[in-house]
Each structure stands twice: as C-alpha cells, then as structure tokens.
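**Q** model-v5.csv (CSV, C-alpha atoms) pasted underneath:
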```
chain,number,residue,atom,x,y,z
K,566,MET,CA,11.0,11.6,-10.6
K,567,LYS,CA,11.5,13.6,-7.5
K,568,VAL,CA,10.0,16.9,-8.5
K,569,LYS,CA,7.0,17.6,-10.8
K,570,ILE,CA,5.8,20.8,-12.4
K,571,ILE,CA,2.1,21.0,-13.0
K,572,LYS,CA,-0.4,23.4,-14.6
K,573,THR,CA,-3.2,24.6,-12.4
K,574,ALA,CA,-6.8,25.4,-13.4
K,575,LYS,CA,-5.9,29.1,-13.3
K,576,HIS,CA,-3.3,28.6,-16.0
K,577,LEU,CA,-0.5,29.0,-13.6
K,578,TYR,CA,2.3,26.5,-13.0
K,579,ASP,CA,2.9,24.9,-9.6
K,580,LEU,CA,5.4,22.6,-8.1
K,581,GLN,CA,5.2,19.3,-6.3
K,582,ILE,CA,8.2,17.8,-4.4
K,583,LEU,CA,7.8,14.1,-4.3
K,584,GLN,CA,10.8,12.9,-2.3
K,585,GLU,CA,12.6,14.4,0.7
K,586,THR,CA,15.9,13.8,-1.0
K,587,ALA,CA,15.1,16.1,-4.0
K,588,THR,CA,17.8,18.5,-5.0
K,589,ILE,CA,18.0,21.8,-6.9
K,590,GLN,CA,19.1,19.8,-9.9
K,591,ASP,CA,15.9,17.7,-9.7
K,592,TYR,CA,13.9,20.9,-9.7
K,593,LEU,CA,15.8,22.2,-12.8
K,594,ASP,CA,15.3,18.9,-14.6
K,595,ALA,CA,11.6,19.1,-13.9
K,596,ILE,CA,11.5,22.7,-15.3
K,597,ASN,CA,13.3,21.5,-18.4
K,598,ARG,CA,10.8,18.6,-18.9
K,599,PHE,CA,7.9,21.0,-18.4
K,600,VAL,CA,9.2,23.5,-20.9
K,601,GLU,CA,9.8,20.9,-23.6
K,602,GLU,CA,6.3,19.5,-23.2
K,603,ASN,CA,4.3,22.7,-22.6
K,604,THR,CA,6.0,25.9,-23.8
K,605,GLU,CA,5.2,27.0,-27.4
K,606,PRO,CA,7.1,28.4,-29.2
K,607,PRO,CA,10.5,27.5,-27.8
K,608,CYS,CA,12.3,30.4,-26.2
K,609,LYS,CA,15.4,30.4,-28.5
K,610,GLY,CA,15.5,33.7,-30.3
K,611,CYS,CA,13.6,35.5,-27.5
K,612,ASP,CA,15.7,37.6,-25.2
K,613,GLU,CA,13.1,39.5,-23.1
K,614,CYS,CA,14.3,38.0,-19.9
K,615,CYS,CA,18.0,38.8,-20.7
K,616,TRP,CA,17.4,42.5,-20.0
K,617,GLU,CA,16.4,42.0,-16.3
K,618,ARG,CA,18.5,41.7,-13.2
K,619,ILE,CA,20.0,38.2,-12.9
K,620,PRO,CA,20.9,37.4,-9.3
K,621,LEU,CA,23.7,34.8,-8.8
K,622,THR,CA,24.3,32.0,-6.4
K,623,CYS,CA,27.6,30.6,-5.4
K,624,ILE,CA,27.1,27.6,-7.6
K,625,ASP,CA,26.2,29.8,-10.6
K,626,VAL,CA,29.6,31.5,-10.4
K,627,LEU,CA,31.4,28.2,-10.0
K,628,ASN,CA,29.6,26.9,-13.1
K,629,TYR,CA,30.7,30.0,-15.1
K,630,ILE,CA,34.3,29.5,-14.0
K,631,ASN,CA,34.4,25.8,-14.6
K,632,LYS,CA,32.5,25.8,-17.9
K,633,LEU,CA,33.6,29.1,-19.5
K,634,GLY,CA,36.8,29.7,-17.7
K,635,ASP,CA,39.1,29.5,-20.7
K,636,GLU,CA,36.9,31.9,-22.7
K,637,LEU,CA,36.8,34.4,-19.8
K,638,ASP,CA,40.6,34.5,-19.3
K,639,LEU,CA,40.3,34.7,-15.5
K,640,ASN,CA,43.1,35.1,-12.9
K,641,ARG,CA,44.2,31.5,-12.2
K,642,GLU,CA,45.0,32.2,-8.5
K,643,TRP,CA,41.7,33.9,-7.6
K,644,PRO,CA,39.2,33.1,-10.4
K,645,LEU,CA,36.1,33.7,-8.3
K,646,LEU,CA,37.3,37.2,-7.3
K,647,ASP,CA,38.3,38.0,-10.9
K,648,PHE,CA,34.9,36.8,-12.2
K,649,LEU,CA,33.1,38.9,-9.6
K,650,ASP,CA,35.1,41.9,-10.6
K,651,GLN,CA,34.8,41.6,-14.4
K,652,TYR,CA,31.4,39.9,-15.0
K,653,THR,CA,29.1,40.8,-12.1
K,654,TYR,CA,27.6,43.8,-10.5
K,655,ILE,CA,28.1,44.0,-6.8
K,656,CYS,CA,25.8,46.5,-5.1
K,657,ALA,CA,25.9,47.1,-1.3
K,658,GLU,CA,24.0,49.3,1.0
K,659,GLY,CA,24.9,49.1,4.7
K,660,GLY,CA,25.2,45.4,5.5
K,661,ALA,CA,23.2,44.1,2.5
K,662,VAL,CA,25.1,42.9,-0.6
K,663,ASP,CA,23.5,42.0,-3.9
K,664,ILE,CA,25.5,40.2,-6.6
K,665,SER,CA,24.0,39.9,-10.1
K,666,LEU,CA,25.4,39.3,-13.6
K,667,GLY,CA,27.0,42.3,-15.2
K,668,PHE,CA,25.2,44.2,-18.0
K,669,THR,CA,26.0,46.2,-21.1
K,670,PRO,CA,25.5,50.0,-21.3
K,671,GLU,CA,22.2,49.2,-23.0
K,672,GLY,CA,21.1,47.1,-20.1
K,673,ALA,CA,21.4,43.6,-21.5
K,674,CYS,CA,23.0,40.7,-19.7
K,675,HIS,CA,26.8,40.6,-20.4
K,676,PHE,CA,26.4,37.1,-22.0
K,677,LEU,CA,23.6,38.0,-24.4
K,678,ASN,CA,24.5,37.9,-28.1
K,679,GLN,CA,22.2,40.8,-29.1
K,680,GLY,CA,22.6,40.1,-32.8
K,681,GLU,CA,21.4,36.5,-32.7
K,682,ARG,CA,19.4,37.0,-29.5
K,683,ILE,CA,20.9,33.9,-27.8
K,684,CYS,CA,23.0,33.4,-24.7
K,685,ASN,CA,26.8,33.0,-25.2
K,686,GLY,CA,27.0,31.5,-21.7
K,687,TYR,CA,24.1,29.0,-22.1
K,688,ALA,CA,26.1,26.0,-20.9
K,689,ALA,CA,26.6,27.7,-17.6
K,690,ARG,CA,23.4,29.7,-17.3
K,691,SER,CA,22.4,30.7,-13.8
K,692,LEU,CA,19.7,29.2,-11.5
K,693,VAL,CA,17.4,32.2,-12.3
K,694,CYS,CA,17.8,31.7,-16.0
K,695,GLN,CA,17.3,27.9,-15.9
K,696,SER,CA,14.2,28.1,-13.7
K,697,PHE,CA,12.5,30.9,-15.7
K,698,ILE,CA,9.3,29.9,-17.6
K,699,CYS,CA,7.3,32.3,-19.7
K,700,MET,CA,4.2,31.5,-17.6
K,701,GLU,CA,2.8,32.9,-14.4
K,702,SER,CA,3.5,30.8,-11.3
K,703,SER,CA,1.8,30.2,-8.0
K,704,GLN,CA,2.7,32.4,-5.0
K,705,THR,CA,4.3,29.4,-3.3
K,706,VAL,CA,6.5,28.7,-6.3
K,707,GLN,CA,7.6,32.4,-6.3
K,708,GLU,CA,8.5,32.2,-2.6
K,709,PHE,CA,10.3,28.9,-3.2
K,710,ARG,CA,12.4,30.2,-6.1
K,711,SER,CA,13.2,33.4,-4.2
K,712,GLN,CA,14.4,31.3,-1.2
K,713,LEU,CA,16.7,29.2,-3.4
K,714,VAL,CA,18.3,32.2,-5.1
K,715,ASN,CA,18.6,34.4,-2.0
K,716,THR,CA,20.2,31.6,0.1
K,717,GLY,CA,22.6,30.8,-2.8
K,718,MET,CA,23.6,34.4,-3.1
K,719,ASP,CA,24.2,34.7,0.7
K,720,GLU,CA,26.7,31.9,0.3
K,721,LEU,CA,28.3,33.6,-2.6
K,722,VAL,CA,28.7,36.7,-0.4
K,723,ARG,CA,30.3,34.5,2.2
K,724,LEU,CA,32.8,33.2,-0.3
K,725,TRP,CA,33.6,36.6,-1.6
K,726,MET,CA,34.3,38.0,1.9
K,727,PHE,CA,36.5,35.0,2.8
K,728,GLN,CA,38.5,35.1,-0.4
K,729,CYS,CA,39.0,38.9,-0.3
K,730,LYS,CA,40.5,38.3,3.2
K,731,ASP,CA,42.7,35.4,2.1
K,732,ALA,CA,43.9,37.4,-0.9
K,733,GLY,CA,44.7,40.4,1.3
K,734,ILE,CA,42.4,42.8,-0.6
K,735,ASN,CA,39.6,45.1,0.5
K,736,LEU,CA,36.0,44.2,-0.3
K,737,PHE,CA,35.2,45.7,-3.7
K,738,TYR,CA,31.9,47.0,-5.1
K,739,HIS,CA,30.5,48.4,-8.4
K,740,GLU,CA,28.0,50.5,-6.4
K,741,GLU,CA,27.8,51.1,-2.7
K,742,ASN,CA,26.1,53.3,-0.1
K,743,GLU,CA,27.9,53.2,3.3
K,744,ALA,CA,28.7,49.5,2.7
K,745,ASN,CA,29.5,47.6,5.9
K,746,PRO,CA,28.7,43.9,5.4
K,747,GLN,CA,29.6,41.6,8.3
K,748,LEU,CA,30.4,37.9,8.0
K,749,GLU,CA,28.2,37.0,10.9
K,750,ASP,CA,25.2,38.3,8.8
K,751,TYR,CA,25.9,35.5,6.3
K,752,PRO,CA,25.8,32.2,8.2
K,753,LYS,CA,26.3,28.8,6.6
K,754,SER,CA,23.3,27.2,4.9
K,755,GLY,CA,22.4,24.2,2.7
K,756,PHE,CA,24.6,25.7,0.0
K,757,SER,CA,27.7,25.8,2.1
K,758,GLY,CA,30.5,23.5,0.9
K,759,LYS,CA,28.4,22.5,-2.2
K,760,THR,CA,29.8,22.9,-5.7
K,761,LYS,CA,26.9,21.4,-7.8
K,762,TYR,CA,23.2,21.7,-7.8
K,763,ASN,CA,22.7,17.9,-7.4
K,764,GLU,CA,24.3,18.3,-3.9
K,765,VAL,CA,21.9,20.9,-2.6
K,766,ILE,CA,18.9,19.4,-0.9
K,767,LEU,CA,15.7,21.4,-1.4
K,768,LYS,CA,14.5,20.7,2.1
K,769,ASP,CA,17.6,22.2,3.6
K,770,ILE,CA,16.9,25.5,1.7
K,771,CYS,CA,13.1,25.9,1.9
K,772,SER,CA,11.4,27.4,4.9
K,773,PRO,CA,9.2,24.9,6.8
K,774,GLU,CA,6.1,26.8,5.6
K,775,VAL,CA,7.0,26.6,1.9
K,776,TRP,CA,8.2,23.0,2.2
K,777,GLN,CA,4.8,22.0,3.8
K,778,LYS,CA,3.0,23.4,0.8
K,779,LEU,CA,5.2,21.8,-1.8
K,780,TYR,CA,6.0,18.3,-0.4
K,781,ARG,CA,3.7,15.5,-1.4
K,782,LYS,CA,4.3,12.1,0.1
```
Just give me the structure as structure tokens.

**A**
Amino acid sequence: MKVKIIKTAKHLYDLQILQETATIQDYLDAINRFVEENTEPPCKGCDECCWERIPLTCIDVLNYINKLGDELDLNREWPLLDFLDQYTYICAEGGAVDISLGFTPEGACHFLNQGERICNGYAARSLVCQSFICMESSQTVQEFRSQLVNTGMDELVRLWMFQCKDAGINLFYHEENEANPQLEDYPKSGFSGKTKYNEVILKDICSPEVWQKLYRK
C-alpha cells in the first residue's frame, strides 16, 4: 500500500502518502478501498455530484477516447479535438482556459443517465469523479486534489493547443471573453507524456508544502 485514506477525530477524511513512488492510481485505489469500507449507503443511484462542474485532465480525456471511443463515434484522425468539441465545455477568459465535461440543458453531466441516475461513462470516469467522497476532507486533501486536477488540466490545454496547430485549425471555445491563451503559460509538468494514472508520480505534481504534510516515511 502506497497511499492510505484515514478518518480524523473531526469526522473528516485525510490522506497519507507512504512511499515516494506513489502514483495517482495508487491514490485512486486508496479512495476506492476507503469508500468500500466506510461509505454507507453505496453511491449508486445518487447523482447529486453529477450536476456540478467536472474539470478534466489530459488523462481523463484519453480514457474517454480509449474506453468509450466506439460509442462516441469520434473523428479517427483527431479524436481528442473531436471529443473536446462534442463532449466538453471549453471556457476561456484572457489567457486562462478551463475545460470541463459538457452538460445537458438541465445542467447534468453529459454522461449521466438521468432516468436510472447512473453514469453511462463509468468505465472512463474522470479523476474528479473517482476521487469524490461524500464526506468532508481536510484542507490539505482539498489542496492536494486541486493541484492534481489543475496540473492535469493545464496539460490538456497544452495538448489542445498543439493539436489545433497541427490540424491547421483555430483554437475553439464554447464560451470566451477576449480569449488569448499562450503556450508558454502552460509549461510541461508531471503529466506531460503520460497516458495513464499509474505513470504520474504524486511527488512530481504536489507542491513541496502539500507533499511535506502528506508524506509519512
């Protein structure tokens, strides 16, 4: 076990990273163990979190393409760009770009089966979805989760900008206000070149301050 989720005396959940080689997948595995052992009732049939903004990382989008690609009927030459166009919501203001899952006119996640209240894209669900627990977390865990998601989204923005250039098309948005993102504002990170969560080392993503609070030798 490389990552452990624990309950605190204040009925919060906290996180301990036990090995320096721990990956995002180790974190997600720990979340799943914790939910199975501590969350009652199981969340199947509850869709409250499916009506909130669901930010995406680069690996999230690759998972949707690889695991649901046949169902989504994506452009074979540029599947990432097609997925971003059809199934996400790209919002930009100035140089800042936010990419989240698309939503229905009612405000539900695009992949929510509203009738059965279950996820049609469960096999490829995003980092935010996989790491959500119906329990308050410590401030450090909130910062940690935010850093993972934001760094992964920045890499997704990098890929989007590169692929638009390679495809010979302009950057596209679903909402924008004087959008002017620049590639230099999205440098490489621990997500760069990675296609799976078991390749992304947590220490490469966390700030030194957050790592010092979570790492237990």

**Q** I'd like the interatomic distance between CA of Asp625 in chain K and CA of Ile589 in chain K, to a tenth of an Å.

**A**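 Straight-line distance from CA of Asp625 in chain K to CA of Ile589 in chain K works out to 12.0 Å.
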
**Q** Which residue gives the smallest distance to Ile770 in chain K among K:His739, K:Arg710, K:Arg723, K:Lys632, with all atoms listed in the file counted?

**A**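 Residue with the minimum atom-to-atom distance to Ile770 in chain K: K:Arg710.
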
**Q** Go through K:Tyr652, K:Gln747, K:Thr622, K:Ile766 one by one, measure the shortest atom-to-atom distance of each to Asp719 in chain K using all atoms listed in the file, and give the residue with the smallest value.

**A**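 Checking each candidate against Asp719 in chain K, we get K:Thr622 as the closest.
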
**Q** Could you tell me which of K:Ala657, K:Leu646, K:Ile582, K:Cys694 comes closest to Glu617 in chain K if we count all atoms listed in the file?

**A**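 Going through K:Ala657, K:Leu646, K:Ile582, K:Cys694 one by one, the smallest distance to Glu617 in chain K is for K:Cys694.
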
**Q** At a cut-off of 8 Å, using all atoms listed in the file, what residues contact Ser665 in chain K? Leave out same-chain residues fewer than 4 positions from it and give the result as a PyMOL selection string.

**A** chain K and resi 618-621+653-655
